[in-house]
Amino acid sequence: MKKKNGLSVLLIILILIWLLVPLAVSLIYSLFSNWTGIIPKGFSLDAYQSVLTDPQFLKALGQTILVCIVPILLTNVIVLLTLFTVTAYFPKLEKYVQIICMIPYTVQGVILSVSILSLYVGGSGFFASRLVMLMGAYCIIILPYTYQGIRNSMRAVNMPMLLDAAQMLGCSRIEAFFKVVVPNIMPGIIVSSLLAVGIIFGDYVLIRNLAGSTVTNVQMYLYQVMKADSRKSSATFILIMLVMFLITAVVLVLRSRSEKGKRN
Amino acid sequence: MKRKKYVYLLALLPFIVLTVMYEILPLIGVIAGSFVSDESGAATFTNYTTIFSKLLYQKAVKNSLKISLISSLGGILIAFLGAKSYYEKRGRLGEIFMTILNMVSNFAGIPLAFAYMILLGNAGVMVQFGRLTGIDALANFNLYSSNGMTFMYIYFQIPLATLLLIPAFNGIRKEWQEAALLLGTGSTGFWMKVGIPVLMPSILSSFSVLFANALAAYATAYALMMNMLPLLPIQIAGCFVGDVKMQRGLGSALSVVMMILMVIMIFITNTISKRFQKGAETR
């Protein structure tokens, strides 16, 4: 039994090495100015300094945050409203909502971006705006995650029962929904929103195909500097990964906390 | 009361508007557009005949299929070993493993391509290391080829596949292993005859997720190869965005081909999976 455990440990460690080596190498690369031999030389943080003071980077970062917030807020509100209405008044529609929410899983970025583009690009006005197209596409691409997050938390708190209980105490259903259900499922909403942030933060295909040159994000910035300056891009890379890891860490902490809460 | 209920349908309006405008209409548009000629605007099948007669598109379909299949196979194999080890070990190391899997599950696209260029590109750290130490396999590694791409794709398949497979292992009870041991079957025999068949439906469904994931992967391939290696997603985007005139019909037809490939894979894995589930019932 002992020996078999040893094999498992070895396998896990090998996979971890495989997964971590590209990260570690890029990290070292960004921190040393000269790495041609086996041992890197010339420790310096100038690559980070040049990225963090680059107005292009700051602009890309700002725009990334902007294009994150609007679609996530919008999708959360729409899905909350829809799931509340469907569970409370039209349970028969539930499976259709589910199908529509899960389609983006299989369609994925390339096809979604080109199909939205070809539908709206020729027109004029609000819907032909590149930014509007991009926001719409982001709403759809995060829809499966938002839907699953909210639906699972609604099930976990047993929403129909909460609504009935509140109604018996003299609350209207809508009131009960906003005063009782929404506060209770807030942790679930936060987790799925953070996952959505991760998706939009990591997006390249949608913003490249839909936004053209009107909006950039950090991924597009990385692609630009990648061709010009490999040390500057390795610093950008590390900064992007740091943000991603931070998001994941918060998600993991929130999840484990809610699981502990359930057990108690 | 009845009439009042239908007032609530209004609450569904935002959802309907959003999904119709940005999901359903665009998809219908792509399917319809694939039958419209780019030259004359008339209804036609030429977009599809072009795909299957022009070498560039044949190559794109072939390359995409090959890279997706091999990277999904490689990914699922490593993920199986990883998930099995996690199932047997757990504890502190297991926790670290899970955390890192979650962390790197978003590591794909442009950042991944960049990290691999630093690592294994023409002047990559590992390649230099290989030259210095005389390890030819490293020194001659060519990232900018379909094999190099497959290797890179396997990277982003591993965390996804492992995270998909780990919950499935919870379905394997320790007692089965003990029973198998009592009946004289070793660990390998147990996994071959009991473990893997029980896990097969999960393995197959994970496989089809990986396949779709690799088939549609755009940023990783684009950042590394631009248009040097014909791949389906890159050709699709190239029809709509780029220097040449927009080829809506051809691009739509390529998109439909890609969706059909995904549906075929789901169908195949479902069919095999059902066979395993039936076997489990009669056993």
# chains A, B, ... in the order shown; residues from 1 in each chain; ligands from 1

call {"tool": "closest_atom_pairs", "arguments": {"of": "range 156-191 of chain B", "to": "range 210-222 of chain B", "cutoff": "12 Å", "atoms": "only C-alpha atoms", "output": "tab-separated table"}}
result
residue	atom	partner	partner_atom	distance
B:Phe156	CA	B:Ala214	CA	8.9
B:Gln157	CA	B:Leu210	CA	6.4
B:Ile158	CA	B:Leu210	CA	9.3
B:Pro159	CA	B:Leu210	CA	10.6
B:Leu160	CA	B:Leu210	CA	7.8
B:Ala161	CA	B:Leu210	CA	7.0
B:Thr162	CA	B:Leu210	CA	10.8
B:Leu163	CA	B:Leu210	CA	11.7
B:Leu164	CA	B:Leu210	CA	9.9
B:Leu165	CA	B:Leu210	CA	11.6

call {"tool": "write_last_selection", "arguments": {"atoms": "C-alpha atoms", "output": "PDB file, in the first residue's frame"}}
result
ATOM      1  CA  PHE B 156      -4.166  23.605 -21.419  1.00  0.00           C
ATOM      2  CA  GLN B 157      -6.108  20.350 -21.659  1.00  0.00           C
ATOM      3  CA  ILE B 158      -4.532  18.907 -18.481  1.00  0.00           C
ATOM      4  CA  PRO B 159      -6.064  21.172 -15.795  1.00  0.00           C
ATOM      5  CA  LEU B 160      -9.470  21.182 -17.475  1.00  0.00           C
ATOM      6  CA  ALA B 161      -9.509  17.415 -17.948  1.00  0.00           C
ATOM      7  CA  THR B 162      -8.284  16.659 -14.437  1.00  0.00           C
ATOM      8  CA  LEU B 163     -10.854  18.962 -12.856  1.00  0.00           C
ATOM      9  CA  LEU B 164     -13.550  17.245 -14.927  1.00  0.00           C
ATOM     10  CA  LEU B 165     -12.414  13.740 -13.997  1.00  0.00           C
TER      11      LEU B 165
END

call {"tool": "interface_residues", "arguments": {"of": "chain A", "to": "chain B", "cutoff": "7 Å", "atoms": "only C-alpha atoms", "output": "VMD selection string"}}
result
chain A and resid 5 8 to 9 11 to 12 22 to 23 25 to 26 38 78 81 to 82 85 108 110 to 111 114 to 116 118 to 119 136 to 137 140 204 to 205 209 219 223 237 245 248

call {"tool": "write_last_selection", "arguments": {"atoms": "N, CA and C atoms", "output": "compact mmCIF listing (two decimals), in the first residue's frame"}}
result
# COMPACT_ATOMS: atom_id res chain seq x y z
N ASN A 5 1.16 4.46 -2.85
CA ASN A 5 1.03 5.86 -2.48
C ASN A 5 2.19 6.67 -3.02
N SER A 8 1.63 7.56 -6.59
CA SER A 8 0.67 8.65 -6.72
C SER A 8 1.34 9.99 -6.46
N VAL A 9 2.14 10.02 -5.39
CA VAL A 9 2.83 11.27 -5.05
C VAL A 9 3.73 11.68 -6.20
N LEU A 11 3.50 10.93 -9.39
CA LEU A 11 2.71 11.39 -10.54
C LEU A 11 2.21 12.81 -10.33
N ILE A 12 1.67 13.07 -9.14
CA ILE A 12 1.16 14.41 -8.86
C ILE A 12 2.27 15.44 -8.98
N PRO A 22 6.40 26.38 -17.20
CA PRO A 22 6.27 27.56 -18.07
C PRO A 22 6.10 28.85 -17.27
N LEU A 23 5.38 28.75 -16.13
CA LEU A 23 5.18 29.94 -15.30
C LEU A 23 6.49 30.37 -14.65
N VAL A 25 9.57 29.71 -15.53
CA VAL A 25 10.56 30.20 -16.49
C VAL A 25 10.24 31.64 -16.90
N SER A 26 8.95 31.91 -17.16
CA SER A 26 8.59 33.28 -17.53
C SER A 26 8.85 34.25 -16.40
N ILE A 38 23.04 28.92 -18.45
CA ILE A 38 22.11 28.15 -17.64
C ILE A 38 21.61 28.99 -16.49
N ILE A 78 -30.15 40.13 -15.39
CA ILE A 78 -31.08 39.47 -16.31
C ILE A 78 -31.35 38.03 -15.87
N LEU A 81 -33.51 37.89 -12.66
CA LEU A 81 -34.90 38.21 -12.99
C LEU A 81 -35.58 37.03 -13.68
N THR A 82 -34.86 36.46 -14.65
CA THR A 82 -35.43 35.36 -15.42
C THR A 82 -35.67 34.14 -14.55
N THR A 85 -38.61 34.70 -12.13
CA THR A 85 -39.91 34.64 -12.80
C THR A 85 -40.26 33.22 -13.21
N GLN A 108 -18.81 28.56 -28.39
CA GLN A 108 -17.48 29.11 -28.14
C GLN A 108 -17.16 30.36 -28.93
N VAL A 110 -14.91 31.72 -31.29
CA VAL A 110 -14.71 32.07 -32.70
C VAL A 110 -16.04 32.23 -33.42
N ILE A 111 -16.88 31.20 -33.32
CA ILE A 111 -18.12 31.22 -34.07
C ILE A 111 -19.04 32.33 -33.56
N VAL A 114 -17.72 35.77 -34.94
CA VAL A 114 -17.93 36.05 -36.37
C VAL A 114 -19.42 36.12 -36.70
N SER A 115 -20.25 35.35 -35.96
CA SER A 115 -21.67 35.39 -36.29
C SER A 115 -22.29 36.71 -35.86
N ILE A 116 -21.89 37.24 -34.70
CA ILE A 116 -22.40 38.55 -34.28
C ILE A 116 -21.89 39.63 -35.24
N SER A 118 -21.00 39.37 -38.41
CA SER A 118 -21.59 39.39 -39.75
C SER A 118 -23.05 39.85 -39.71
N LEU A 119 -23.68 39.72 -38.54
CA LEU A 119 -25.08 40.15 -38.44
C LEU A 119 -25.20 41.66 -38.31
N GLY A 136 -22.41 42.63 -25.91
CA GLY A 136 -23.42 41.59 -26.14
C GLY A 136 -22.77 40.22 -26.17
N ALA A 137 -21.65 40.12 -26.87
CA ALA A 137 -20.96 38.83 -26.97
C ALA A 137 -20.47 38.37 -25.60
N ILE A 140 -23.21 36.86 -23.57
CA ILE A 140 -23.55 35.50 -23.99
C ILE A 140 -22.48 34.50 -23.54
N TYR A 204 -9.35 36.85 -25.89
CA TYR A 204 -8.65 37.52 -26.97
C TYR A 204 -9.49 37.47 -28.25
N VAL A 205 -10.10 36.33 -28.51
CA VAL A 205 -10.76 36.15 -29.80
C VAL A 205 -11.95 37.10 -29.98
N ASN A 209 -11.85 40.09 -32.82
CA ASN A 209 -12.74 40.03 -33.97
C ASN A 209 -13.82 41.09 -33.93
N GLN A 219 -4.88 41.33 -22.95
CA GLN A 219 -4.42 40.26 -23.82
C GLN A 219 -3.92 40.82 -25.15
N TYR A 223 -0.16 40.75 -26.75
CA TYR A 223 0.12 40.32 -28.12
C TYR A 223 0.96 41.37 -28.85
N PHE A 237 3.00 39.43 -18.89
CA PHE A 237 2.49 38.08 -18.68
C PHE A 237 2.33 37.78 -17.19
N PHE A 245 -4.66 34.59 -10.89
CA PHE A 245 -4.49 33.76 -9.70
C PHE A 245 -5.24 34.36 -8.52
N THR A 248 -8.84 33.47 -8.89
CA THR A 248 -9.07 32.07 -8.54
C THR A 248 -8.97 31.85 -7.04

call {"tool": "atom_distance", "arguments": {"atom1": "CA of Leu224 in chain B", "atom2": "CA of Gly74 in chain B"}}
result
20.5 Å

call {"tool": "select_by_dssp", "arguments": {"residues": "range 17-216 of chain A", "states": "alpha helix (DSSP H)", "output": "short mmCIF file (atom, residue, chain, number, x, y, z; two decimals) with C-alpha atoms, in the first residue's frame"}}
result
data_model
loop_
_atom_site.label_atom_id
_atom_site.label_comp_id
_atom_site.auth_asym_id
_atom_site.auth_seq_id
_atom_site.Cartn_x
_atom_site.Cartn_y
_atom_site.Cartn_z
CA ILE A 17 6.18 20.39 -12.49
CA TRP A 18 4.79 20.20 -16.02
CA LEU A 19 2.16 22.80 -15.16
CA LEU A 20 4.45 25.13 -13.25
CA VAL A 21 7.60 25.14 -15.40
CA PRO A 22 6.27 27.56 -18.07
CA LEU A 23 5.18 29.94 -15.30
CA ALA A 24 8.44 29.70 -13.38
CA VAL A 25 10.56 30.20 -16.49
CA SER A 26 8.59 33.28 -17.53
CA LEU A 27 8.86 34.67 -14.01
CA ILE A 28 12.64 34.25 -13.95
CA TYR A 29 12.85 35.66 -17.46
CA SER A 30 11.02 38.80 -16.40
CA LEU A 31 13.29 39.34 -13.38
CA ASP A 46 12.93 47.45 -14.84
CA ALA A 47 10.71 45.33 -17.06
CA TYR A 48 7.87 45.74 -14.55
CA GLN A 49 8.57 49.42 -14.25
CA SER A 50 8.42 49.91 -18.00
CA VAL A 51 5.10 48.05 -18.22
CA LEU A 52 3.47 49.78 -15.27
CA PRO A 55 0.24 54.51 -20.88
CA GLN A 56 -0.79 51.86 -23.44
CA PHE A 57 -0.82 49.23 -20.71
CA LEU A 58 -2.75 51.40 -18.27
CA LYS A 59 -5.29 52.19 -20.98
CA ALA A 60 -5.66 48.48 -21.84
CA LEU A 61 -6.06 47.63 -18.17
CA GLY A 62 -8.68 50.30 -17.66
CA GLN A 63 -10.64 49.17 -20.71
CA THR A 64 -10.42 45.53 -19.62
CA ILE A 65 -12.02 46.46 -16.29
CA LEU A 66 -14.71 48.51 -18.02
CA VAL A 67 -15.69 45.78 -20.47
CA CYS A 68 -15.79 43.34 -17.53
CA ILE A 69 -18.15 45.28 -15.30
CA VAL A 70 -21.02 46.12 -17.65
CA PRO A 71 -21.67 42.64 -19.11
CA ILE A 72 -21.31 40.93 -15.74
CA LEU A 73 -23.75 43.27 -13.98
CA LEU A 74 -26.17 43.06 -16.88
CA THR A 75 -26.04 39.28 -17.15
CA ASN A 76 -26.45 38.79 -13.41
CA VAL A 77 -29.50 41.05 -13.23
CA ILE A 78 -31.08 39.47 -16.31
CA VAL A 79 -30.48 35.91 -15.14
CA LEU A 80 -31.74 36.68 -11.61
CA LEU A 81 -34.90 38.21 -12.99
CA THR A 82 -35.43 35.36 -15.42
CA LEU A 83 -34.81 32.55 -12.96
CA PHE A 84 -37.04 34.19 -10.35
CA THR A 85 -39.91 34.64 -12.80
CA VAL A 86 -39.53 31.17 -14.25
CA THR A 87 -39.32 29.33 -10.92
CA ALA A 88 -42.06 31.38 -9.29
CA TYR A 89 -44.57 31.65 -12.14
CA GLU A 94 -37.37 26.24 -17.07
CA LYS A 95 -35.94 23.70 -19.48
CA TYR A 96 -36.01 26.11 -22.41
CA VAL A 97 -34.17 28.72 -20.39
CA GLN A 98 -31.62 26.06 -19.52
CA ILE A 99 -31.07 25.06 -23.14
CA ILE A 100 -30.62 28.67 -24.24
CA CYS A 101 -28.19 29.30 -21.40
CA MET A 102 -26.08 26.24 -22.19
CA ILE A 103 -25.75 26.74 -25.96
CA PRO A 104 -22.80 29.18 -25.63
CA TYR A 105 -20.80 26.33 -24.03
CA THR A 106 -20.64 24.53 -27.35
CA VAL A 107 -20.60 27.54 -29.66
CA GLN A 108 -17.48 29.11 -28.14
CA GLY A 109 -15.64 32.28 -29.02
CA VAL A 110 -14.71 32.07 -32.70
CA ILE A 111 -18.12 31.22 -34.07
CA LEU A 112 -19.95 33.55 -31.68
CA SER A 113 -17.73 36.48 -32.62
CA VAL A 114 -17.93 36.05 -36.37
CA SER A 115 -21.67 35.39 -36.29
CA ILE A 116 -22.40 38.55 -34.28
CA LEU A 117 -20.03 40.49 -36.49
CA SER A 118 -21.59 39.39 -39.75
CA LEU A 119 -25.08 40.15 -38.44
CA TYR A 120 -24.49 43.70 -37.23
CA ARG A 130 -18.26 47.75 -32.00
CA LEU A 131 -18.44 48.27 -28.26
CA VAL A 132 -22.10 47.23 -28.10
CA MET A 133 -21.38 44.10 -30.14
CA LEU A 134 -18.53 43.22 -27.80
CA MET A 135 -20.63 43.73 -24.67
CA GLY A 136 -23.42 41.59 -26.14
CA ALA A 137 -20.96 38.83 -26.97
CA TYR A 138 -19.49 38.94 -23.46
CA CYS A 139 -22.97 38.65 -21.93
CA ILE A 140 -23.55 35.50 -23.99
CA ILE A 141 -20.14 33.93 -23.35
CA ILE A 142 -20.53 34.25 -19.55
CA LEU A 143 -24.21 33.24 -19.61
CA PRO A 144 -23.67 29.50 -18.88
CA TYR A 145 -21.52 30.24 -15.82
CA THR A 146 -23.83 32.91 -14.45
CA TYR A 147 -26.87 30.74 -15.05
CA GLN A 148 -25.37 27.69 -13.35
CA GLY A 149 -24.04 29.71 -10.43
CA ILE A 150 -27.34 31.41 -9.71
CA ARG A 151 -29.48 28.32 -10.33
CA ASN A 152 -27.34 26.16 -8.06
CA SER A 153 -27.45 28.69 -5.24
CA MET A 154 -31.22 29.10 -5.65
CA ARG A 155 -31.58 25.36 -5.27
CA ALA A 156 -29.22 25.29 -2.30
CA MET A 159 -36.01 29.30 -3.08
CA PRO A 160 -39.66 28.16 -3.52
CA MET A 161 -39.88 27.36 0.18
CA LEU A 162 -38.33 30.70 1.17
CA LEU A 163 -40.80 32.52 -1.07
CA ASP A 164 -43.76 30.65 0.43
CA ALA A 165 -42.57 31.30 3.96
CA ALA A 166 -42.11 35.00 3.29
CA GLN A 167 -45.51 35.19 1.66
CA MET A 168 -47.14 33.64 4.72
CA ARG A 173 -43.17 37.49 -3.73
CA ILE A 174 -41.06 40.14 -5.38
CA GLU A 175 -40.29 41.73 -2.05
CA ALA A 176 -39.39 38.34 -0.63
CA VAL A 182 -30.96 37.60 -3.15
CA PRO A 183 -29.01 38.28 0.08
CA ASN A 184 -28.87 34.54 0.71
CA ILE A 185 -27.48 33.65 -2.69
CA MET A 186 -25.02 36.56 -2.79
CA PRO A 187 -21.95 34.33 -2.22
CA GLY A 188 -22.94 32.22 -5.23
CA ILE A 189 -23.43 35.33 -7.36
CA ILE A 190 -20.02 36.62 -6.34
CA VAL A 191 -18.30 33.34 -7.20
CA SER A 192 -19.86 33.06 -10.65
CA SER A 193 -19.15 36.74 -11.31
CA LEU A 194 -15.50 36.22 -10.47
CA LEU A 195 -15.35 33.26 -12.84
CA ALA A 196 -16.86 35.55 -15.46
CA VAL A 197 -14.18 38.16 -14.74
CA GLY A 198 -11.58 35.46 -15.36
CA ILE A 199 -13.17 34.58 -18.70
CA ILE A 200 -13.41 38.16 -19.93
CA PHE A 201 -9.93 38.93 -18.63
CA VAL A 205 -10.76 36.15 -29.80
CA LEU A 206 -13.95 38.11 -29.10
CA ILE A 207 -12.26 41.44 -28.57
CA ARG A 208 -9.99 41.02 -31.57
CA ASN A 209 -12.74 40.03 -33.97
CA LEU A 210 -15.46 42.33 -32.66
CA ALA A 211 -13.77 45.44 -31.33
#
